[in-house]
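K.L.:
Provided below: entry_35.txt, containing compact mmCIF, C-alpha atoms.
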# COMPACT_ATOMS: atom_id res chain seq x y z
CA GLN A 1 122.46 135.27 105.83
CA GLY A 2 124.54 137.23 108.36
CA SER A 3 125.73 140.57 107.03
CA SER A 4 129.05 140.50 108.90
CA TRP A 5 131.94 138.08 108.81
CA LEU A 6 132.10 138.51 112.60
CA ALA A 7 129.02 136.31 112.89
CA LEU A 8 130.52 132.86 112.41
CA GLY A 9 127.36 130.95 113.22
CA GLY A 10 128.21 129.81 116.74
CA SER A 11 131.30 128.34 118.33
CA PRO A 12 133.53 126.57 115.84
CA GLY A 13 134.91 124.28 118.54
CA SER A 14 138.53 123.21 118.59
CA PRO A 15 140.20 123.84 115.23
CA LYS A 16 141.41 120.65 113.59
CA SER A 17 144.27 122.19 111.61
CA PRO A 18 147.00 124.82 112.04
CA ILE A 19 145.33 126.95 109.38
CA ALA A 20 142.01 126.80 111.22
CA ALA A 21 143.72 127.70 114.48
CA ARG A 22 145.39 130.69 112.81
CA LEU A 23 142.11 131.87 111.30
CA LEU A 24 140.31 131.54 114.62
CA ARG A 25 143.03 133.52 116.36
CA ARG A 26 143.03 136.20 113.69
CA SER A 27 139.25 136.48 113.60
CA THR A 28 139.23 136.91 117.39
CA VAL A 29 141.85 139.64 117.16
CA ALA A 30 139.91 141.31 114.35
CA ARG A 31 136.78 141.35 116.49
CA ARG A 32 138.67 143.27 119.13
CA SER A 33 140.48 145.67 116.86
CA SER A 34 140.07 146.30 113.17
CA SER A 35 143.70 147.45 113.10
CA GLY A 36 145.07 144.36 114.86
CA ARG A 37 148.29 143.01 113.36
CA GLU A 38 146.72 139.60 112.77
CA SER A 39 143.36 140.81 111.50
CA LEU A 40 141.86 138.93 108.57
CA THR A 41 142.91 139.68 105.01
CA PRO A 42 140.28 141.28 102.75
CA ALA A 43 139.77 137.95 100.98
CA GLU A 44 139.31 136.07 104.25
CA ALA A 45 136.87 138.67 105.53
CA HIS A 46 134.87 138.59 102.31
CA LEU A 47 134.63 134.80 102.32
CA PHE A 48 133.68 134.75 105.99
CA SER A 49 130.77 137.03 105.05
CA LEU A 50 129.33 134.05 103.15
CA GLY A 51 128.90 132.25 106.46
CA LEU A 52 131.84 129.86 106.17
CA SER A 53 132.97 128.28 109.41
CA VAL A 54 136.58 128.52 110.52
CA GLU A 55 137.21 124.94 109.40
CA GLN A 56 135.61 125.57 106.00
CA MET A 57 137.64 128.73 105.59
CA ALA A 58 140.77 126.77 106.47
CA LYS A 59 140.01 124.30 103.69
CA VAL A 60 139.55 127.11 101.18
CA SER A 61 142.73 128.79 102.36
CA ALA A 62 144.75 125.58 102.11
CA ARG A 63 143.62 124.86 98.55
CA PHE A 64 143.46 128.38 97.23
CA GLY A 65 145.58 131.07 98.86
CA VAL A 66 143.52 133.90 100.33
CA ASP A 67 146.37 135.82 101.90
CA SER A 68 147.04 139.53 101.45
CA SER A 69 148.17 138.93 97.86
CA CYS A 70 144.77 137.59 96.81
CA ASP A 71 142.98 140.13 94.62
CA VAL A 72 139.44 140.31 96.03
CA GLU A 73 138.17 142.74 93.44
CA ARG A 74 139.43 140.78 90.42
CA LYS A 75 139.24 137.17 91.60
CA VAL A 76 136.77 136.71 94.44
CA LYS A 77 133.97 139.25 94.06
CA PRO A 78 133.30 138.79 90.31
CA ILE A 79 132.95 135.02 90.66
CA LEU A 80 130.73 135.22 93.72
CA SER A 81 128.56 137.85 92.00
CA TRP A 82 128.25 135.60 88.94
CA LEU A 83 127.21 132.63 91.08
CA VAL A 84 124.48 134.78 92.63
CA ASP A 85 123.29 135.92 89.21
CA LEU A 86 123.25 132.29 88.11
CA GLY A 87 120.70 131.57 90.81
CA LEU A 88 122.73 129.78 93.47
CA THR A 89 121.50 130.26 97.02
CA ASP A 90 123.87 131.28 99.83
CA LEU A 91 124.08 127.64 100.91
CA GLN A 92 124.84 126.47 97.36
CA ILE A 93 127.56 129.10 96.98
CA ARG A 94 129.18 127.89 100.20
CA GLN A 95 128.99 124.32 98.94
CA ALA A 96 130.64 125.26 95.65
CA VAL A 97 133.40 127.34 97.24
CA VAL A 98 134.25 124.78 99.93
CA GLY A 99 133.92 121.87 97.53
CA PHE A 100 136.19 123.44 94.93
CA PRO A 101 138.20 126.38 96.31
CA ARG A 102 140.20 126.54 93.08
CA VAL A 103 137.10 128.04 91.47
CA PHE A 104 138.70 131.41 92.22
CA GLY A 105 141.64 130.50 90.05
CA LYS A 106 139.49 129.70 87.03
CA SER A 107 138.70 132.14 84.25
CA LEU A 108 135.15 133.42 84.46
CA GLY A 109 134.90 133.90 80.72
CA HIS A 110 136.83 130.85 79.52
CA LYS A 111 135.94 128.16 82.08
CA LEU A 112 133.05 129.03 84.41
CA LYS A 113 130.52 130.60 82.06
CA PRO A 114 131.06 128.03 79.26
CA ALA A 115 130.50 125.17 81.72
CA ALA A 116 127.23 126.65 82.96
CA GLN A 117 126.14 127.37 79.38
CA TRP A 118 126.88 123.78 78.39
CA LEU A 119 124.69 122.47 81.22
CA SER A 120 121.85 124.62 79.92
CA GLU A 121 122.39 123.39 76.39
CA ILE A 122 121.93 119.74 77.38
CA GLY A 123 118.46 120.56 78.67
CA MET A 124 118.87 121.57 82.28
CA SER A 125 116.71 124.17 83.94
CA ASP A 126 118.28 127.13 85.78
CA ALA A 127 117.59 125.39 89.10
CA GLN A 128 119.25 122.19 87.90
CA VAL A 129 122.31 124.10 86.68
CA ALA A 130 122.65 125.74 90.10
CA ASN A 131 122.28 122.37 91.82
CA VAL A 132 124.96 120.73 89.66
CA ILE A 133 127.43 123.55 90.27
CA ALA A 134 126.81 123.43 94.02
CA ARG A 135 127.17 119.66 94.31
CA CYS A 136 129.90 119.10 91.73
CA PRO A 137 131.84 122.36 91.26
CA GLN A 138 134.72 120.23 89.94
CA ILE A 139 132.92 120.50 86.62
CA PHE A 140 134.83 123.76 86.22
CA SER A 141 138.05 121.81 85.87
CA CYS A 142 136.63 119.45 83.23
CA SER A 143 137.15 119.94 79.52
CA ILE A 144 133.84 120.31 77.74
CA GLU A 145 135.18 118.93 74.48
CA SER A 146 137.26 116.01 75.73
CA LYS A 147 135.41 115.05 78.93
CA LEU A 148 131.83 116.29 79.21
CA LYS A 149 130.57 116.05 75.65
CA PRO A 150 131.91 112.48 75.10
CA LEU A 151 130.24 111.36 78.33
CA VAL A 152 126.85 112.75 77.32
CA GLN A 153 127.20 111.37 73.81
CA TRP A 154 127.95 107.92 75.24
CA LEU A 155 124.92 108.08 77.54
CA SER A 156 122.79 108.90 74.51
CA LYS A 157 124.38 106.08 72.54
CA ILE A 158 123.36 103.45 75.10
CA GLY A 159 119.76 104.56 74.79
CA MET A 160 119.19 107.40 77.23
CA SER A 161 116.96 110.20 76.01
CA ASP A 162 118.00 113.83 76.39
CA ALA A 163 115.57 114.15 79.28
CA GLN A 164 117.00 111.05 80.99
CA VAL A 165 120.56 112.34 80.61
CA ALA A 166 119.64 115.71 82.11
CA LYS A 167 117.76 114.02 84.96
CA ALA A 168 120.63 111.65 85.73
CA ILE A 169 123.19 114.46 85.89
CA ALA A 170 120.87 116.70 87.92
CA THR A 171 120.20 113.88 90.38
CA PHE A 172 123.82 112.80 90.67
CA PRO A 173 126.13 115.59 89.41
CA GLN A 174 129.22 113.60 90.38
CA LEU A 175 128.47 111.50 87.32
CA LEU A 176 130.29 114.19 85.33
CA SER A 177 133.55 113.54 87.19
CA LEU A 178 133.59 109.76 86.60
CA SER A 179 135.89 108.27 84.01
CA LEU A 180 134.17 106.99 80.89
CA PRO A 181 136.71 104.29 79.92
CA SER A 182 137.66 103.07 83.40
CA ASN A 183 134.38 103.45 85.26
CA LEU A 184 131.22 103.85 83.21
CA MET A 185 131.96 101.50 80.33
CA PRO A 186 133.11 98.55 82.49
CA LYS A 187 130.01 98.80 84.68
CA VAL A 188 127.70 98.81 81.69
CA GLN A 189 129.53 95.69 80.51
CA LEU A 190 128.87 94.04 83.89
CA LEU A 191 125.17 94.72 83.47
CA ARG A 192 125.20 93.37 79.94
CA GLU A 193 126.85 90.17 81.16
CA THR A 194 123.98 89.62 83.58
CA GLY A 195 121.41 90.04 80.83
CA PHE A 196 120.56 93.72 81.12
CA SER A 197 119.86 95.42 77.83
CA ASP A 198 121.06 98.95 77.11
CA ALA A 199 117.46 100.09 77.44
CA GLN A 200 117.22 98.57 80.92
CA PHE A 201 120.51 100.15 81.90
CA ALA A 202 119.35 103.52 80.58
CA SER A 203 116.17 103.27 82.61
CA SER A 204 118.03 102.23 85.77
CA LEU A 205 120.64 104.95 85.40
CA SER A 206 118.06 107.69 84.93
CA LEU A 207 116.42 106.59 88.19
CA PHE A 208 119.57 105.69 90.13
CA PRO A 209 122.67 107.32 88.59
CA ALA A 210 124.60 106.88 91.84
CA LEU A 211 124.95 103.22 90.78
CA LEU A 212 128.04 104.25 88.84
CA ALA A 213 129.75 105.63 91.94
CA TYR A 214 129.97 102.20 93.58
CA SER A 215 133.12 100.16 93.09
CA SER A 216 133.20 97.66 90.25
CA LYS A 217 133.88 94.94 92.82
CA ARG A 218 130.69 95.79 94.74
CA VAL A 219 128.60 96.01 91.58
CA ALA A 220 129.94 92.73 90.15
CA HIS A 221 129.50 90.82 93.42
CA ARG A 222 125.97 91.95 94.10
CA LEU A 223 124.82 91.43 90.53
CA SER A 224 126.29 87.92 90.63
CA VAL A 225 124.59 87.04 93.93
CA LEU A 226 121.22 88.44 92.87
CA GLN A 227 121.41 86.62 89.56
CA ALA A 228 122.35 83.31 91.21
CA GLN A 229 119.36 83.64 93.53
CA GLY A 230 117.02 84.53 90.68
CA LEU A 231 116.40 87.92 92.27
CA LEU A 232 118.00 90.21 89.73
CA THR A 233 115.65 92.92 88.47
CA GLU A 234 116.08 96.63 87.88
CA THR A 235 114.32 97.31 91.18
CA SER A 236 116.31 94.81 93.26
CA MET A 237 119.58 96.05 91.76
CA ARG A 238 118.84 99.65 92.71
CA SER A 239 117.68 98.72 96.20
CA CYS A 240 120.48 96.29 97.01
CA MET A 241 123.35 98.52 95.89
CA LYS A 242 122.46 100.92 98.68
CA LEU A 243 122.57 98.29 101.44
CA THR A 244 125.51 97.76 103.74
CA ASP A 245 127.32 94.43 103.35
CA SER A 246 125.59 92.95 106.40
CA ARG A 247 122.13 94.07 105.32
CA PHE A 248 122.71 92.78 101.82
CA ALA A 249 123.74 89.40 103.25
CA ASN A 250 120.61 89.33 105.42
CA PHE A 251 118.44 90.23 102.45
CA VAL A 252 119.82 87.38 100.34
CA ALA A 253 119.65 84.93 103.24
CA ARG A 254 115.88 85.34 103.37
CA PHE A 255 115.64 83.56 100.03
CA ASP A 256 117.99 80.63 100.76
Let's see the structure in the file written out as structure tokens.
P.N.:
Amino acid sequence: QGSSWLALGGSPGSPKSPIAARLLRRSTVARRSSSGRESLTPAEAHLFSLGLSVEQMAKVSARFGVDSSCDVERKVKPILSWLVDLGLTDLQIRQAVVGFPRVFGKSLGHKLKPAAQWLSEIGMSDAQVANVIARCPQIFSCSIESKLKPLVQWLSKIGMSDAQVAKAIATFPQLLSLSLPSNLMPKVQLLRETGFSDAQFASSLSLFPALLAYSSKRVAHRLSVLQAQGLLTETSMRSCMKLTDSRFANFVARFD
């Protein structure tokens, strides 16, 4: 990783937002003179050292203020250091920061560390914990007691083993951000209505947890079509959910 925030990884192109334009202008001024009036704030400079592009930095700045009032020593550096100690790579840290800039507004002791500890307690390896945090840093805004634990308990209740639950979350971390009553439960009911047992659902979800990210309308329609054609199996369900509408129609047409 570049050791200086001056190395922005190539030309950022035309900024797409006023904040990005301001950052590009200020970074250019800072390159010319460290005492320039519009030079980067300490927080901006520190985050640029991670390799963030101007556009990525603009996103972080828009969602979590990194102006001169931002305390780098108390807010930014301790959290970044903890992420490194946790095993996240430079790329994963950038993903987490850009994906959830408000991470710098969360308490390290009361929100961040407990979330990572909880992931370990449900059977995840250090590498899986790092992957989940990088891909779904919004976990830091979720309540362990009222959101995360009930979700895992429900997954266990429908027949998933501890290993299957850990695998599903590691494969598709966004599962943790989905609503249990308005998303997960209704989709399980759709599968039950087409003859899937909880055991079959548990098996399918451990292999293809992204199933739950599709809209209920898409899931219901495709299950109905596959069932009507006598094509509904765990394998066909997983394969067909990924297809575009036109490819799904072509797939079904082959069996008419």
K.L.:
In Å, rounded to a single decimal, give me how far CA of Ala127 in chain A is from CA of Thr235 in chain A.
P.N.:
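Separation of CA of Thr235 in chain A and CA of Ala127 in chain A: 28.3 Å.
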K.L.:
Kindly give the distance, in Å, that separates CA of Phe196 in chain A and CA of Arg222 in chain A, rounded to a single decimal.
P.N.:
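Separation of CA of Phe196 in chain A and CA of Arg222 in chain A: 14.2 Å.
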K.L.:
Provide the CA of Ala228 in chain A to CA of Met160 in chain A distance in Å, to one decimal place.
P.N.:
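Spanning CA of Ala228 in chain A to CA of Met160 in chain A is a straight-line distance of 28.0 Å.
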K.L.:
Could you name the residues that touch Cys240 in chain A at 10 Å or less, counting all atoms listed in the file, but leaving out those on the same chain fewer than 3 positions away, as a PyMOL selection string?
P.N.:
chain A and resi 219+222-223+226+232+235-237+243-245+247-249+251-252
K.L.:
For Phe201 in chain A, which of A:Lys217, A:Lys77, A:Lys59, A:Lys157 is the closest residue, counting only C-alpha atoms?
P.N.:
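Residue with the minimum atom-to-atom distance to Phe201 in chain A: A:Lys157.
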K.L.:
For each of A:Arg218, A:Arg94, A:Arg74, A:Lys167, take the minimum atom-to-atom distance to Leu47 in chain A, counting all atoms listed in the file, then give the residue where this is smallest.
P.N.:
A:Arg94
K.L.:
Do a neighbour search on Ser125 in chain A at 10 Å with all atoms listed in the file, toss out local chain neighbours closer than 6 positions, and write the hits as a PDB file with C-alpha atoms, keeping the file's coordinate frame.
P.N.:
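Output saved as out.pdb:
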ATOM      1  CA  LEU A 119     124.690 122.470  81.220  1.00  0.00           C
ATOM      2  CA  ASN A 131     122.280 122.370  91.820  1.00  0.00           C
ATOM      3  CA  ALA A 166     119.640 115.710  82.110  1.00  0.00           C
ATOM      4  CA  ALA A 170     120.870 116.700  87.920  1.00  0.00           C
TER       5      ALA A 170
END
K.L.:
Here is a test: counting only C-alpha atoms, which residue of A:Val60, A:Ala130, A:Ala220, A:Ile122 is nearest to Gln153 in chain A?
P.N.:
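Of the candidates, the smallest distance to Gln153 in chain A is held by A:Ile122.
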K.L.:
May I have the centre and edge lengths, in Å to one decimal, of an axis-aligned box around the listed atoms of range 45-54 of chain A with 8 Å added to every side, as JSON?
P.N.:
{"center_x": 132.9, "center_y": 133.5, "center_z": 106.4, "size_x": 24.0, "size_y": 26.4, "size_z": 24.2}
K.L.:
Considering only C-alpha atoms, state which residue in the set A:Arg238, A:Met124, A:Phe208, A:Thr194 is at the smallest distance from Val225 in chain A.
P.N.:
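Distance minimum relative to Val225 in chain A lands on A:Thr194.
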K.L.:
Find the residue from A:Ile133, A:Asp126, A:Leu175, A:Ala115 that sits nearest to Ala96 in chain A; use only C-alpha atoms when measuring.
P.N.:
A:Ile133
K.L.:
Neighbouring residues of Ser216 in chain A were defined as those with any atom within 8 Å, considering only C-alpha atoms; residues of the same chain fewer than 4 positions away were excluded. Please report them as a ChimeraX atom specification.
P.N.:
/A:183,186-187,220
K.L.:
Which residue, A:Leu212, A:Ala116, A:Ile169, A:Ala58, has the smallest gap to Asp85 in chain A when you use only C-alpha atoms?
P.N.:
A:Ala116
K.L.:
Just give me the residues with any atom within 7 Å of (133.1, 117.4, 81.9), file coordinates, counting all atoms listed in the file, written as a PDB file with C-alpha atoms, in the coordinates of the input.
P.N.:
ATOM      1  CA  ILE A 139     132.920 120.500  86.620  1.00  0.00           C
ATOM      2  CA  CYS A 142     136.630 119.450  83.230  1.00  0.00           C
ATOM      3  CA  SER A 143     137.150 119.940  79.520  1.00  0.00           C
ATOM      4  CA  ILE A 144     133.840 120.310  77.740  1.00  0.00           C
ATOM      5  CA  LYS A 147     135.410 115.050  78.930  1.00  0.00           C
ATOM      6  CA  LEU A 148     131.830 116.290  79.210  1.00  0.00           C
ATOM      7  CA  LYS A 149     130.570 116.050  75.650  1.00  0.00           C
ATOM      8  CA  LEU A 176     130.290 114.190  85.330  1.00  0.00           C
ATOM      9  CA  SER A 177     133.550 113.540  87.190  1.00  0.00           C
TER      10      SER A 177
END
